[in-house]
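J.: Structure file coords31.txt (compact mmCIF, C-alpha atoms) right here:
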# COMPACT_ATOMS: atom_id res chain seq x y z
CA MET L 1 12.70 6.76 16.64
CA LEU L 2 15.62 6.70 14.26
CA LYS L 3 18.18 7.92 16.76
CA ASN L 4 21.00 8.47 14.28
CA VAL L 5 19.02 10.76 11.99
CA LYS L 6 20.33 14.30 12.30
CA GLU L 7 18.80 16.00 9.28
CA TYR L 8 15.40 16.04 7.60
CA LEU L 9 15.51 17.87 4.28
CA TYR L 10 12.84 19.13 1.90
CA PRO L 11 14.32 19.64 -1.57
CA GLU L 12 12.27 21.72 -4.00
CA SER L 13 13.23 19.89 -7.18
CA LEU L 14 14.37 16.46 -8.32
CA ASN L 15 17.75 17.97 -9.22
CA GLU L 16 18.18 19.29 -5.68
CA ALA L 17 17.05 15.98 -4.20
CA LEU L 18 19.53 14.07 -6.34
CA ASP L 19 22.37 16.47 -5.46
CA LEU L 20 21.61 15.97 -1.76
CA LEU L 21 21.47 12.21 -2.20
CA LYS L 22 24.85 12.16 -3.94
CA LYS L 23 26.40 14.55 -1.42
CA LYS L 24 25.21 12.65 1.64
CA GLY L 25 26.03 9.25 0.19
CA LYS L 26 25.13 6.09 2.06
CA SER L 27 23.99 8.02 5.12
CA ALA L 28 21.01 9.48 3.23
CA ARG L 29 17.66 7.89 2.43
CA VAL L 30 14.87 9.23 0.26
CA VAL L 31 11.47 9.35 1.97
CA GLY L 32 8.49 8.35 -0.13
CA GLY L 33 5.90 7.11 2.36
CA GLY L 34 8.59 6.52 4.99
CA LEU L 35 7.03 3.26 6.15
CA ASP L 36 10.03 1.07 5.50
CA ILE L 37 12.42 3.52 7.17
CA ILE L 38 10.33 3.53 10.34
CA TRP L 39 9.86 -0.24 10.31
CA ARG L 40 13.51 -1.01 9.73
CA SER L 41 15.06 1.95 11.57
CA PRO L 42 18.38 1.51 9.75
CA LYS L 43 21.22 2.72 11.96
CA SER L 44 23.28 3.86 8.99
CA VAL L 45 20.73 6.54 8.01
CA GLU L 46 21.60 10.02 9.25
CA CYS L 47 19.77 12.15 6.72
CA LEU L 48 16.24 11.91 5.36
CA ILE L 49 15.33 13.53 2.04
CA ASP L 50 11.57 14.05 1.81
CA LEU L 51 10.09 14.25 -1.69
CA GLU L 52 6.93 15.94 -0.39
CA ASN L 53 7.44 19.21 -2.30
CA LEU L 54 8.13 17.59 -5.66
CA GLY L 55 4.54 16.89 -6.67
CA LEU L 56 5.02 13.14 -7.02
CA SER L 57 1.56 12.15 -5.74
CA TYR L 58 -0.53 11.74 -8.87
CA ILE L 59 -2.23 9.26 -11.15
CA GLU L 60 -2.50 10.44 -14.74
CA GLU L 61 -3.23 8.82 -18.05
CA ASP L 62 -2.39 9.45 -21.66
CA GLU L 63 -3.57 7.50 -24.68
CA LYS L 64 -1.45 4.48 -23.96
CA ARG L 65 -0.41 4.48 -20.32
CA ILE L 66 -1.26 5.15 -16.72
CA LYS L 67 1.37 7.17 -14.89
CA ILE L 68 1.63 6.83 -11.11
CA GLY L 69 3.84 9.26 -9.17
CA ALA L 70 6.36 7.64 -6.84
CA LYS L 71 4.78 9.10 -3.70
CA THR L 72 1.29 7.92 -4.62
CA THR L 73 -0.06 5.48 -2.05
CA ILE L 74 -1.80 2.18 -2.67
CA GLY L 75 -4.85 3.72 -0.97
CA GLU L 76 -4.90 6.49 -3.58
CA ALA L 77 -4.53 4.00 -6.43
CA GLN L 78 -7.36 1.94 -4.98
CA LYS L 79 -9.65 4.96 -5.17
CA SER L 80 -8.45 6.11 -8.59
CA LEU L 81 -11.01 6.09 -11.39
CA VAL L 82 -8.16 5.77 -13.89
CA VAL L 83 -6.92 2.55 -12.24
CA GLY L 84 -10.55 1.41 -11.84
CA LYS L 85 -10.96 1.30 -15.62
CA LEU L 86 -8.26 -1.37 -16.00
CA PHE L 87 -9.47 -4.97 -16.23
CA LYS L 88 -13.00 -3.98 -15.23
CA GLY L 89 -11.93 -2.93 -11.74
CA LYS L 90 -9.91 -6.07 -11.02
CA LEU L 91 -6.71 -4.13 -10.33
CA THR L 92 -8.57 -1.90 -7.88
CA LYS L 93 -9.82 -4.99 -6.07
CA VAL L 94 -6.31 -6.42 -5.94
CA PHE L 95 -4.94 -3.19 -4.43
CA SER L 96 -7.78 -3.15 -1.89
CA GLU L 97 -6.68 -6.53 -0.54
CA ILE L 98 -3.12 -5.50 0.34
CA ALA L 99 -2.35 -4.95 4.05
CA THR L 100 -5.01 -2.89 5.88
CA PRO L 101 -6.81 0.31 4.81
CA ILE L 102 -4.72 2.56 7.06
CA ILE L 103 -1.42 0.96 6.04
CA ARG L 104 -2.40 1.25 2.36
CA ASN L 105 -2.59 5.00 3.01
CA VAL L 106 1.13 4.98 3.84
CA ILE L 107 2.64 2.46 1.39
CA SER L 108 3.94 4.35 -1.64
CA PHE L 109 4.59 2.89 -5.08
CA GLY L 110 8.10 4.35 -5.22
CA GLY L 111 8.98 3.02 -1.79
CA SER L 112 7.68 -0.45 -2.59
CA VAL L 113 9.69 -0.66 -5.79
CA ALA L 114 12.82 0.86 -4.23
CA ARG L 115 12.94 -1.59 -1.35
CA ASN L 116 12.06 -4.53 -3.62
CA TYR L 117 11.27 -6.90 -0.77
CA PRO L 118 10.81 -10.47 -1.94
CA TRP L 119 7.36 -10.70 -0.35
CA SER L 120 6.13 -7.42 -1.86
CA ASP L 121 2.71 -7.82 -3.44
CA ILE L 122 3.20 -4.51 -5.22
CA THR L 123 6.29 -5.58 -7.15
CA ALA L 124 4.68 -8.92 -8.04
CA ILE L 125 1.61 -7.12 -9.39
CA LEU L 126 3.67 -4.54 -11.29
CA LEU L 127 5.91 -7.23 -12.75
CA THR L 128 2.82 -9.10 -13.94
CA LEU L 129 1.69 -5.89 -15.67
CA ASP L 130 5.18 -5.50 -17.20
CA ALA L 131 5.35 -2.01 -15.63
CA SER L 132 8.07 0.53 -16.37
CA LEU L 133 9.76 3.03 -14.08
CA VAL L 134 10.82 6.58 -14.76
CA ILE L 135 14.17 7.01 -13.07
CA PHE L 136 15.74 10.42 -12.49
CA THR L 137 19.53 10.51 -12.76
CA GLY L 138 19.86 14.16 -13.77
CA GLU L 139 17.61 13.34 -16.69
CA GLU L 140 14.58 11.12 -16.91
CA LYS L 141 15.09 7.57 -18.14
CA GLU L 142 12.51 4.90 -18.57
CA MET L 143 13.34 1.33 -17.68
CA LYS L 144 11.32 -1.84 -17.31
CA LEU L 145 10.70 -2.96 -13.73
CA SER L 146 12.01 -6.39 -14.74
CA GLU L 147 15.31 -4.74 -15.74
CA PHE L 148 15.41 -2.64 -12.56
CA MET L 149 15.00 -5.77 -10.46
CA ARG L 150 18.16 -7.22 -11.98
CA VAL L 151 20.43 -4.35 -10.91
CA GLU L 152 22.05 -3.89 -7.51
CA ILE L 153 19.20 -1.67 -6.39
CA GLU L 154 20.79 -0.21 -3.28
CA GLU L 155 23.87 0.89 -5.21
CA PHE L 156 21.75 2.07 -8.14
CA LEU L 157 19.59 4.27 -5.91
CA ASP L 158 22.66 6.00 -4.45
CA GLU L 159 22.60 8.12 -7.59
CA ALA L 160 19.04 7.83 -8.86
CA ILE L 161 15.51 8.60 -7.70
CA ILE L 162 12.36 6.75 -8.78
CA LYS L 163 9.96 9.34 -10.15
CA GLU L 164 7.09 7.39 -11.63
CA VAL L 165 5.61 3.98 -12.33
CA ARG L 166 3.98 3.40 -15.73
CA ILE L 167 1.44 0.77 -16.62
CA ASP L 168 0.08 0.14 -20.10
CA LYS L 169 -3.63 0.67 -20.66
CA PHE L 170 -4.27 -2.87 -21.74
CA ASP L 171 -7.00 -3.36 -24.32
CA PRO L 172 -9.89 -5.78 -23.62
CA SER L 173 -8.03 -8.68 -25.23
CA TYR L 174 -5.84 -8.75 -22.10
CA HIS L 175 -7.04 -10.44 -18.92
CA PHE L 176 -5.46 -10.13 -15.50
CA SER L 177 -5.68 -12.16 -12.34
CA TYR L 178 -3.69 -12.03 -9.13
CA ILE L 179 -3.99 -14.06 -5.93
CA ARG L 180 -2.09 -13.61 -2.70
CA PHE L 181 -2.14 -16.40 -0.13
CA THR L 182 -1.73 -15.11 3.42
CA ARG L 183 -2.27 -16.27 7.00
CA THR L 184 -4.43 -13.24 7.75
CA SER L 185 -5.78 -10.68 5.30
CA ALA L 186 -3.31 -8.04 6.51
CA ASP L 187 -0.27 -10.29 6.37
CA ILE L 188 2.44 -10.44 3.72
CA PRO L 189 1.92 -13.32 1.27
CA LEU L 190 3.20 -16.82 1.88
CA LEU L 191 3.09 -17.06 -1.91
CA ASP L 192 1.45 -14.93 -4.60
CA GLU L 193 0.85 -15.35 -8.28
CA GLY L 194 -0.12 -12.88 -11.00
CA MET L 195 -1.16 -13.62 -14.57
CA LEU L 196 -1.66 -11.44 -17.61
CA LEU L 197 -2.96 -13.24 -20.68
CA LYS L 198 -3.80 -11.83 -24.11
CA PHE L 199 -6.27 -13.78 -26.23
CA ASP L 200 -6.87 -13.76 -29.96
CA LYS L 201 -10.32 -13.93 -31.57
CA GLU L 202 -10.35 -17.70 -31.28
CA LYS L 203 -9.71 -17.42 -27.55
CA LYS L 204 -6.19 -18.76 -27.88
CA VAL L 205 -3.45 -17.30 -25.70
CA GLU L 206 -1.43 -14.83 -27.76
CA ASP L 207 0.75 -13.39 -25.04
CA ALA L 208 1.36 -14.49 -21.44
CA ILE L 209 3.02 -13.25 -18.29
CA VAL L 210 3.01 -15.50 -15.24
CA VAL L 211 4.71 -14.26 -12.06
CA ILE L 212 5.19 -16.02 -8.75
CA GLY L 213 6.46 -14.13 -5.72
CA ALA L 214 7.17 -14.55 -1.99
CA ARG L 215 8.71 -17.96 -2.76
CA PRO L 216 10.28 -16.73 -0.27
CA PHE L 217 12.58 -15.21 -2.93
CA GLY L 218 11.40 -12.25 -4.97
CA PRO L 219 8.83 -12.35 -7.77
CA ILE L 220 9.95 -14.11 -10.92
CA ARG L 221 8.46 -14.76 -14.35
CA MET L 222 7.63 -18.39 -15.05
CA GLU L 223 8.87 -18.45 -18.62
CA ASP L 224 8.34 -22.19 -19.23
CA VAL L 225 4.70 -21.83 -18.25
CA GLU L 226 4.29 -18.68 -20.37
CA ASP L 227 5.69 -20.54 -23.39
CA PHE L 228 3.43 -23.52 -22.71
CA LEU L 229 0.31 -21.35 -22.64
CA LEU L 230 1.02 -19.62 -25.97
CA GLY L 231 -1.38 -20.70 -28.71
CA LYS L 232 -3.54 -22.73 -26.30
CA THR L 233 -7.18 -22.39 -25.34
CA LEU L 234 -7.86 -22.72 -21.64
CA THR L 235 -9.39 -26.18 -21.57
CA ASP L 236 -9.45 -28.24 -18.36
CA GLU L 237 -6.54 -30.25 -19.75
CA VAL L 238 -4.42 -27.16 -20.51
CA ILE L 239 -5.13 -25.68 -17.07
CA GLY L 240 -4.20 -29.01 -15.45
CA LYS L 241 -0.94 -29.22 -17.41
CA ALA L 242 -0.06 -25.58 -16.64
CA LYS L 243 -0.62 -26.29 -12.96
CA GLU L 244 1.68 -29.33 -13.10
CA LEU L 245 4.33 -27.38 -15.01
CA VAL L 246 4.31 -24.58 -12.42
CA MET L 247 4.70 -27.09 -9.61
CA GLU L 248 7.55 -28.81 -11.43
CA THR L 249 9.50 -25.70 -12.32
CA VAL L 250 8.88 -23.13 -9.58
CA LYS L 251 11.89 -22.45 -7.39
CA VAL L 252 10.69 -22.35 -3.80
CA ALA L 253 12.29 -22.84 -0.40
CA ASP L 254 11.49 -23.22 3.29
CA ASP L 255 11.46 -20.25 5.62
CA MET L 256 10.25 -19.68 9.16
CA ARG L 257 6.68 -19.23 7.90
CA ILE L 258 6.06 -22.28 5.71
CA SER L 259 7.91 -25.08 4.00
CA GLY L 260 9.03 -25.17 0.38
CA ASP L 261 6.81 -28.24 -0.17
CA TYR L 262 3.79 -26.31 0.99
CA ARG L 263 4.71 -23.43 -1.33
CA ARG L 264 5.09 -25.83 -4.25
CA GLU L 265 1.62 -27.26 -3.62
CA LEU L 266 0.25 -23.74 -3.27
CA SER L 267 1.81 -22.66 -6.57
CA GLY L 268 -0.33 -25.26 -8.34
CA VAL L 269 -3.47 -24.19 -6.53
CA LEU L 270 -2.93 -20.50 -7.35
CA THR L 271 -2.18 -21.31 -11.01
CA ASN L 272 -5.39 -23.31 -11.26
CA ARG L 273 -7.44 -20.53 -9.62
CA ASN L 274 -5.93 -17.75 -11.73
CA LEU L 275 -6.49 -19.63 -14.99
CA MET L 276 -10.06 -20.57 -14.02
CA SER L 277 -10.77 -16.96 -13.09
CA ILE L 278 -9.46 -15.71 -16.46
CA ARG L 279 -11.34 -18.44 -18.36
CA GLU L 280 -14.60 -17.28 -16.82
CA GLU L 281 -14.02 -13.79 -18.21
CA ILE L 282 -13.14 -14.53 -21.82
CA MET J 1 14.05 21.01 13.91
CA LYS J 2 10.84 23.03 14.00
CA ILE J 3 7.73 21.62 12.40
CA LYS J 4 4.71 23.80 11.82
CA PHE J 5 1.41 22.15 11.02
CA LYS J 6 -2.28 22.35 11.73
CA LEU J 7 -3.30 20.23 14.70
CA ASN J 8 -7.02 19.88 15.34
CA GLY J 9 -7.65 23.05 13.36
CA GLU J 10 -5.03 25.25 15.07
CA TYR J 11 -1.54 25.99 13.79
CA VAL J 12 1.16 24.62 16.09
CA GLU J 13 4.93 24.61 15.93
CA PHE J 14 6.77 21.81 17.69
CA ASP J 15 10.43 21.00 18.17
CA ALA J 16 10.91 17.63 16.54
CA TYR J 17 13.72 15.12 16.35
CA PRO J 18 14.42 14.47 12.65
CA GLY J 19 14.08 10.71 13.13
CA GLU J 20 10.96 10.54 15.27
CA SER J 21 7.48 9.43 14.32
CA LEU J 22 4.36 11.58 14.38
CA PHE J 23 3.14 9.45 17.29
CA GLU J 24 6.27 10.28 19.29
CA LEU J 25 6.02 13.97 18.42
CA LEU J 26 2.38 14.20 19.51
CA ARG J 27 2.87 12.28 22.76
CA ARG J 28 5.97 14.32 23.73
CA ASN J 29 3.86 17.43 23.32
CA GLY J 30 1.08 16.27 25.59
CA HIS J 31 -1.31 14.72 23.09
CA THR J 32 -1.87 11.58 25.11
CA GLU J 33 -5.24 11.10 23.41
CA VAL J 34 -3.23 9.35 20.70
CA LYS J 35 -2.91 5.77 21.91
CA GLY J 36 -0.71 2.94 20.80
CA ASN J 37 2.82 2.57 19.49
CA ASN J 38 2.44 -1.08 20.45
CA CYS J 39 3.03 -2.74 17.13
CA LYS J 40 5.15 0.05 15.62
CA THR J 41 4.16 -1.30 12.21
CA GLY J 42 0.69 0.20 11.84
CA GLU J 43 -0.98 -3.17 12.17
CA CYS J 44 -2.96 -2.52 15.37
CA GLY J 45 -4.44 0.81 14.24
CA ALA J 46 -4.66 2.25 17.77
CA CYS J 47 -2.52 5.30 16.99
CA THR J 48 -4.51 6.33 13.91
CA VAL J 49 -4.88 10.05 13.19
CA LEU J 50 -6.23 11.86 10.16
CA LEU J 51 -3.52 13.34 7.96
CA ASP J 52 -5.17 15.74 5.52
CA GLY J 53 -8.36 13.81 6.23
CA VAL J 54 -6.86 10.40 5.48
CA PRO J 55 -6.52 7.85 8.30
CA VAL J 56 -2.93 6.76 8.90
CA PRO J 57 -1.15 4.98 11.75
CA SER J 58 0.85 7.80 13.36
CA CYS J 59 3.56 5.36 14.48
CA THR J 60 4.49 4.82 10.82
CA ILE J 61 4.56 8.47 9.79
CA LEU J 62 7.82 10.37 10.11
CA ALA J 63 7.14 13.59 11.99
CA GLY J 64 8.81 15.60 9.23
CA ARG J 65 6.11 14.49 6.79
CA VAL J 66 3.37 16.54 8.50
CA LYS J 67 5.03 19.90 7.87
CA ASP J 68 2.39 22.36 6.58
CA ARG J 69 -0.29 19.67 6.64
CA SER J 70 -3.35 19.00 8.78
CA VAL J 71 -3.43 16.43 11.58
CA ILE J 72 -6.59 15.57 13.48
CA THR J 73 -6.66 13.48 16.64
CA ILE J 74 -9.76 12.24 18.45
CA LYS J 75 -9.86 15.56 20.35
CA GLY J 76 -10.23 17.38 17.07
CA ILE J 77 -13.63 15.99 16.18
CA GLY J 78 -15.57 16.50 19.41
CA ASP J 79 -15.43 16.66 23.19
CA MET J 80 -17.52 15.76 26.24
CA GLU J 81 -19.75 18.79 25.80
CA LYS J 82 -20.22 18.44 22.09
CA PRO J 83 -19.29 14.93 20.99
CA HIS J 84 -19.19 13.92 17.34
CA PRO J 85 -22.12 11.61 16.47
CA LEU J 86 -19.61 8.75 16.19
CA GLN J 87 -18.30 9.39 19.72
CA LYS J 88 -21.88 9.57 21.02
CA SER J 89 -23.05 6.41 19.30
CA PHE J 90 -19.99 4.39 20.34
CA VAL J 91 -20.77 5.16 24.00
CA GLU J 92 -24.49 4.57 23.65
CA GLU J 93 -24.12 1.29 21.78
CA GLY J 94 -21.66 -0.20 24.27
CA ALA J 95 -18.96 -0.25 21.61
CA VAL J 96 -16.29 0.84 24.11
CA GLN J 97 -14.82 -1.23 26.90
CA CYS J 98 -11.18 -0.50 27.72
CA GLY J 99 -11.29 2.22 25.07
CA TYR J 100 -7.69 1.86 23.97
CA CYS J 101 -8.41 1.19 20.30
CA ILE J 102 -11.45 3.48 20.07
CA PRO J 103 -9.82 6.84 19.13
CA GLY J 104 -8.19 5.22 16.12
CA ILE J 105 -11.35 3.37 15.14
CA ILE J 106 -13.54 6.46 15.39
CA LEU J 107 -11.13 8.48 13.24
CA SER J 108 -11.09 5.77 10.57
CA MET J 109 -14.88 5.67 10.66
CA LYS J 110 -15.02 9.46 10.37
CA ALA J 111 -12.85 9.31 7.24
CA LEU J 112 -15.15 6.62 5.86
CA LEU J 113 -18.30 8.69 6.50
CA ASP J 114 -16.70 11.87 5.14
CA GLU J 115 -16.02 10.04 1.89
CA ASN J 116 -19.17 7.95 1.80
CA PRO J 117 -22.04 9.12 4.04
CA ASP J 118 -24.03 6.00 3.26
CA PRO J 119 -21.66 3.02 3.55
CA THR J 120 -22.86 -0.57 3.51
CA ARG J 121 -22.16 -2.90 6.44
CA GLU J 122 -19.46 -4.45 4.24
CA ASP J 123 -17.83 -1.01 3.72
CA ILE J 124 -17.82 -0.49 7.49
CA LYS J 125 -16.26 -3.89 8.09
CA LYS J 126 -13.56 -3.19 5.51
CA ALA J 127 -12.72 0.18 7.08
CA LEU J 128 -12.58 -1.46 10.52
CA SER J 129 -10.22 -4.13 9.25
CA GLY J 130 -7.11 -2.12 10.07
CA HIS J 131 -8.01 -1.93 13.77
CA LEU J 132 -7.55 -4.56 16.43
CA CYS J 133 -10.00 -4.62 19.35
CA ARG J 134 -9.58 -7.33 21.93
CA CYS J 135 -12.43 -6.60 24.34
CA THR J 136 -15.60 -5.21 22.81
CA GLY J 137 -15.54 -7.13 19.57
CA TYR J 138 -16.71 -5.59 16.38
CA VAL J 139 -20.48 -6.13 16.35
CA GLN J 140 -21.31 -3.21 18.64
CA GLN J 141 -18.84 -1.03 16.78
CA ILE J 142 -20.51 -1.72 13.45
CA GLU J 143 -23.88 -0.97 15.05
CA ALA J 144 -22.47 2.23 16.52
CA VAL J 145 -21.31 3.38 13.08
CA GLU J 146 -24.74 2.59 11.65
CA LYS J 147 -26.33 4.63 14.42
CA ALA J 148 -23.92 7.51 13.77
CA ILE J 149 -24.94 7.50 10.11
CA LYS J 150 -28.55 8.07 11.22
CA LEU J 151 -27.50 10.77 13.70
CA LEU J 152 -25.49 12.58 11.04
CA LYS J 153 -28.45 12.49 8.65
CA GLU J 154 -30.72 13.85 11.38
CA GLU J 155 -28.23 16.65 12.04
CA GLU J 156 -28.20 17.48 8.34
CA ASN J 157 -31.98 17.68 8.26
CA VAL J 158 -32.25 20.00 11.27
Would you mind giving the structure from this file in structure tokens?
T.:
Amino acid sequence: MLKNVKEYLYPESLNEALDLLKKKGKSARVVGGGLDIIWRSPKSVECLIDLENLGLSYIEEDEKRIKIGAKTTIGEAQKSLVVGKLFKGKLTKVFSEIATPIIRNVISFGGSVARNYPWSDITAILLTLDASLVIFTGEEKEMKLSEFMRVEIEEFLDEAIIKEVRIDKFDPSYHFSYIRFTRTSADIPLLDEGMLLKFDKEKKVEDAIVVIGARPFGPIRMEDVEDFLLGKTLTDEVIGKAKELVMETVKVADDMRISGDYRRELSGVLTNRNLMSIREEI
Amino acid sequence: MKIKFKLNGEYVEFDAYPGESLFELLRRNGHTEVKGNNCKTGECGACTVLLDGVPVPSCTILAGRVKDRSVITIKGIGDMEKPHPLQKSFVEEGAVQCGYCIPGIILSMKALLDENPDPTREDIKKALSGHLCRCTGYVQQIEAVEKAIKLLKEEENV
């Protein structure tokens, strides 16, 4: 029970929701799935603004992109035929490994992005896919997730609402792999790594995104490794060197769950597995 | 605040605290068939209900979210006189000991069978994975679901 909450509001439009958010200030919180609010029970929250009536549970596609409404749950994305078409169902499989089936039915995309927890598998996956967000600030603006993660999110969301997540419909020259390492299947990752590689006709890497998250800091792009992979074919030697480079450059630390040294070792293992997995596909 | 929603097929209107969970709302209004609120994170699965047919841990759902929606608890799918095939098979297969986790498990299994009437053993295991049981173990529960699948098919053919 959030004992300090005195109001639960159901705006009928994004404009109304935003007005309420601005009016109530720091004491208000937007409800997507509501999971984080219940888990954290923040004492400062006195007003909840539910986006239920705004029609933000959807997964649509146009020619170039997949559009996921902010209230859409991971469970819905996992069952989506549109998402299933990406990377021959690999993204669906990745979503189906997060948390447990019943919790996936509560975790929303908007909520995951808004809270931006460092261990979030969702943000690590979306960052790997170079996803964009549609932000409502009175008008709709599109911004890259990578850009959003650089702002002071809590302040930013005092006057903005996340409406949608957008993912490119990558053509078959792109290959994706993501691994989360956890103590139990339902747990948050001790470390996770996502990779998106584009290959040319000679099977050389043309474009690369490598993301490591739960370090225990938030997900980050491994730019040195991305640069190293460009123009290379995935030979055993290249995979070995990429693994070493990740272990050398990744910024990790100890926390109550595991040590930084363990994370560093893991980063190499995940890099090796992701690259091997992608090599098998191309 | 007043919240009107469909509970086990009947419209109800409850007084709710704006900051309470669906679990708290249901228990305060006498629905003690909903068990749990142990983990308060949704990880144990005991408090699972169906929200518009989708299994969710009621301890993680804000009560306000169920306005104008449908909630089904274990009482909504069958009773002693006319149990749902899943309830029947769980008893017959010895899949229930203390019974604490069973309402949530059966509702998750119902959602699975509603969506896929012919799941594989692997599908059943995956759907069970959000539920902790510390006495029966999962083998009898999987067998009970498999038996319920047969019972449901027999019912369909009658």
J.: Near L:Lys243, counting all atoms listed in the file, which residues have an atom at most 8 Å away, once you skip same-chain residues fewer than 2 positions from it, shown as an NGL selection string?
T.: :L and (239-241 or 245-247 or 267-269 or 271-272)
J.: Could you list, as a VMD selection string, the residues of chain J having an atom within 6 Å of chain L when counting only C-alpha atoms?
T.: chain J and resid 18 to 20 55 to 56 60 130
J.: Would you work out the distance separating atom CA of L:Ser277 from atom CA of L:Ile179, expressed in Å to one decimal?
T.: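 Atom CA of L:Ile179 lies 10.3 Å from atom CA of L:Ser277.
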J.: May I ask for the distance between atom CA of L:His175 and atom CA of L:Met195, given in Å to one decimal place?
T.: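 Between atom CA of L:His175 and atom CA of L:Met195 the gap works out to 8.0 Å.
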J.: How many Å lie between atom CA of J:Arg69 and atom CA of J:Glu33, rounded to one decimal?
T.: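 Between these atoms lies a distance of 19.5 Å.
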J.: Looking at all atoms listed in the file, which of J:Ala46, J:Ile72, J:Ile149, J:Lys2 is the one that sits closest to J:Asn116?
T.: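 Closest residue, counting all atoms listed in the file: J:Ile149.
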J.: Just the residues within 10 Å of L:Ile278, please, counting all atoms listed in the file, with nothing from its chain fewer than 5 positions along; format it as an mmCIF file with C-alpha atoms, in the frame of the given file.
T.:
data_model
loop_
_atom_site.group_PDB
_atom_site.id
_atom_site.type_symbol
_atom_site.label_atom_id
_atom_site.label_comp_id
_atom_site.auth_asym_id
_atom_site.auth_seq_id
_atom_site.Cartn_x
_atom_site.Cartn_y
_atom_site.Cartn_z
ATOM 1 C CA TYR L 174 -5.840 -8.750 -22.100
ATOM 2 C CA HIS L 175 -7.040 -10.440 -18.920
ATOM 3 C CA PHE L 176 -5.460 -10.130 -15.500
ATOM 4 C CA SER L 177 -5.680 -12.160 -12.340
ATOM 5 C CA MET L 195 -1.160 -13.620 -14.570
ATOM 6 C CA LEU L 196 -1.660 -11.440 -17.610
ATOM 7 C CA LEU L 197 -2.960 -13.240 -20.680
ATOM 8 C CA LEU L 234 -7.860 -22.720 -21.640
ATOM 9 C CA ARG L 273 -7.440 -20.530 -9.620
#
J.: For each of J:Leu151, J:Ile124, J:Cys39, J:Val34, take the minimum atom-to-atom distance to J:Ser108, counting all atoms listed in the file, then give the residue where this is smallest.
T.: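 Closest candidate: J:Ile124.
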J.: So, counting only C-alpha atoms, which residue among J:Cys44, J:Ile3, J:Ala148, J:Leu86 is closest to J:Gly64?
T.: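 Smallest separation from J:Gly64 among the options: J:Ile3.
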J.: Residues within 10 Å of J:Glu10, please, as a ChimeraX atom specification. Count only C-alpha atoms; anything in the same chain fewer than 4 positions from it doesn't count.
T.: /J:5-6,70-72,76
J.: Env of L:Phe95: 8 Å cut, atoms = all atoms listed in the file, seq-sep filter 5 positions within chain, self excluded. Answer as a short mmCIF file (atom, residue, chain, number, x, y, z; two decimals) with C-alpha atoms, in the frame of the given file.
T.:
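around-v2.cif, freshly written:
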data_model
loop_
_atom_site.label_atom_id
_atom_site.label_comp_id
_atom_site.auth_asym_id
_atom_site.auth_seq_id
_atom_site.Cartn_x
_atom_site.Cartn_y
_atom_site.Cartn_z
CA ILE L 74 -1.80 2.18 -2.67
CA GLY L 75 -4.85 3.72 -0.97
CA ALA L 77 -4.53 4.00 -6.43
CA GLN L 78 -7.36 1.94 -4.98
#
J.: Check the smallest atom-to-atom distance from each of J:Gly36, J:Pro119, J:Gly30, J:Gly45 to J:Lys147 using all atoms listed in the file, then report the winner.
T.: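 Going through J:Gly36, J:Pro119, J:Gly30, J:Gly45 one by one, the smallest distance to J:Lys147 is for J:Pro119.
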J.: Which of these residues is nearest to J:Leu62, using only C-alpha atoms: J:Gln97, J:Gln87, J:Ser21, J:Asn37?
T.: J:Ser21
J.: Add whatever atoms are absent from stretch 52-58 of chain J to reach N, CA, C and O atoms, and provide the output as a PDB file, in the frame of the given file.
T.:
ATOM      1  N   ASP J  52      -4.404  15.152   6.635  1.00  0.00           N
ATOM      2  CA  ASP J  52      -5.170  15.740   5.520  1.00  0.00           C
ATOM      3  C   ASP J  52      -6.447  14.947   5.263  1.00  0.00           C
ATOM      4  O   ASP J  52      -6.817  14.678   4.109  1.00  0.00           O
ATOM      5  N   GLY J  53      -7.083  14.521   6.338  1.00  0.00           N
ATOM      6  CA  GLY J  53      -8.360  13.810   6.230  1.00  0.00           C
ATOM      7  C   GLY J  53      -8.263  12.325   5.971  1.00  0.00           C
ATOM      8  O   GLY J  53      -9.278  11.630   5.938  1.00  0.00           O
ATOM      9  N   VAL J  54      -7.044  11.823   5.797  1.00  0.00           N
ATOM     10  CA  VAL J  54      -6.860  10.400   5.480  1.00  0.00           C
ATOM     11  C   VAL J  54      -6.352   9.669   6.725  1.00  0.00           C
ATOM     12  O   VAL J  54      -5.375  10.112   7.341  1.00  0.00           O
ATOM     13  N   PRO J  55      -6.983   8.549   7.102  1.00  0.00           N
ATOM     14  CA  PRO J  55      -6.520   7.850   8.300  1.00  0.00           C
ATOM     15  C   PRO J  55      -5.177   7.139   8.084  1.00  0.00           C
ATOM     16  O   PRO J  55      -5.036   6.379   7.119  1.00  0.00           O
ATOM     17  N   VAL J  56      -4.253   7.400   8.977  1.00  0.00           N
ATOM     18  CA  VAL J  56      -2.930   6.760   8.900  1.00  0.00           C
ATOM     19  C   VAL J  56      -2.471   6.394  10.308  1.00  0.00           C
ATOM     20  O   VAL J  56      -2.798   7.091  11.263  1.00  0.00           O
ATOM     21  N   PRO J  57      -1.712   5.308  10.439  1.00  0.00           N
ATOM     22  CA  PRO J  57      -1.150   4.980  11.750  1.00  0.00           C
ATOM     23  C   PRO J  57       0.001   5.946  12.063  1.00  0.00           C
ATOM     24  O   PRO J  57       0.989   5.963  11.335  1.00  0.00           O
ATOM     25  N   SER J  58      -0.149   6.744  13.118  1.00  0.00           N
ATOM     26  CA  SER J  58       0.850   7.800  13.360  1.00  0.00           C
ATOM     27  C   SER J  58       2.219   7.235  13.730  1.00  0.00           C
ATOM     28  O   SER J  58       3.225   7.925  13.612  1.00  0.00           O
TER      29      SER J  58
END
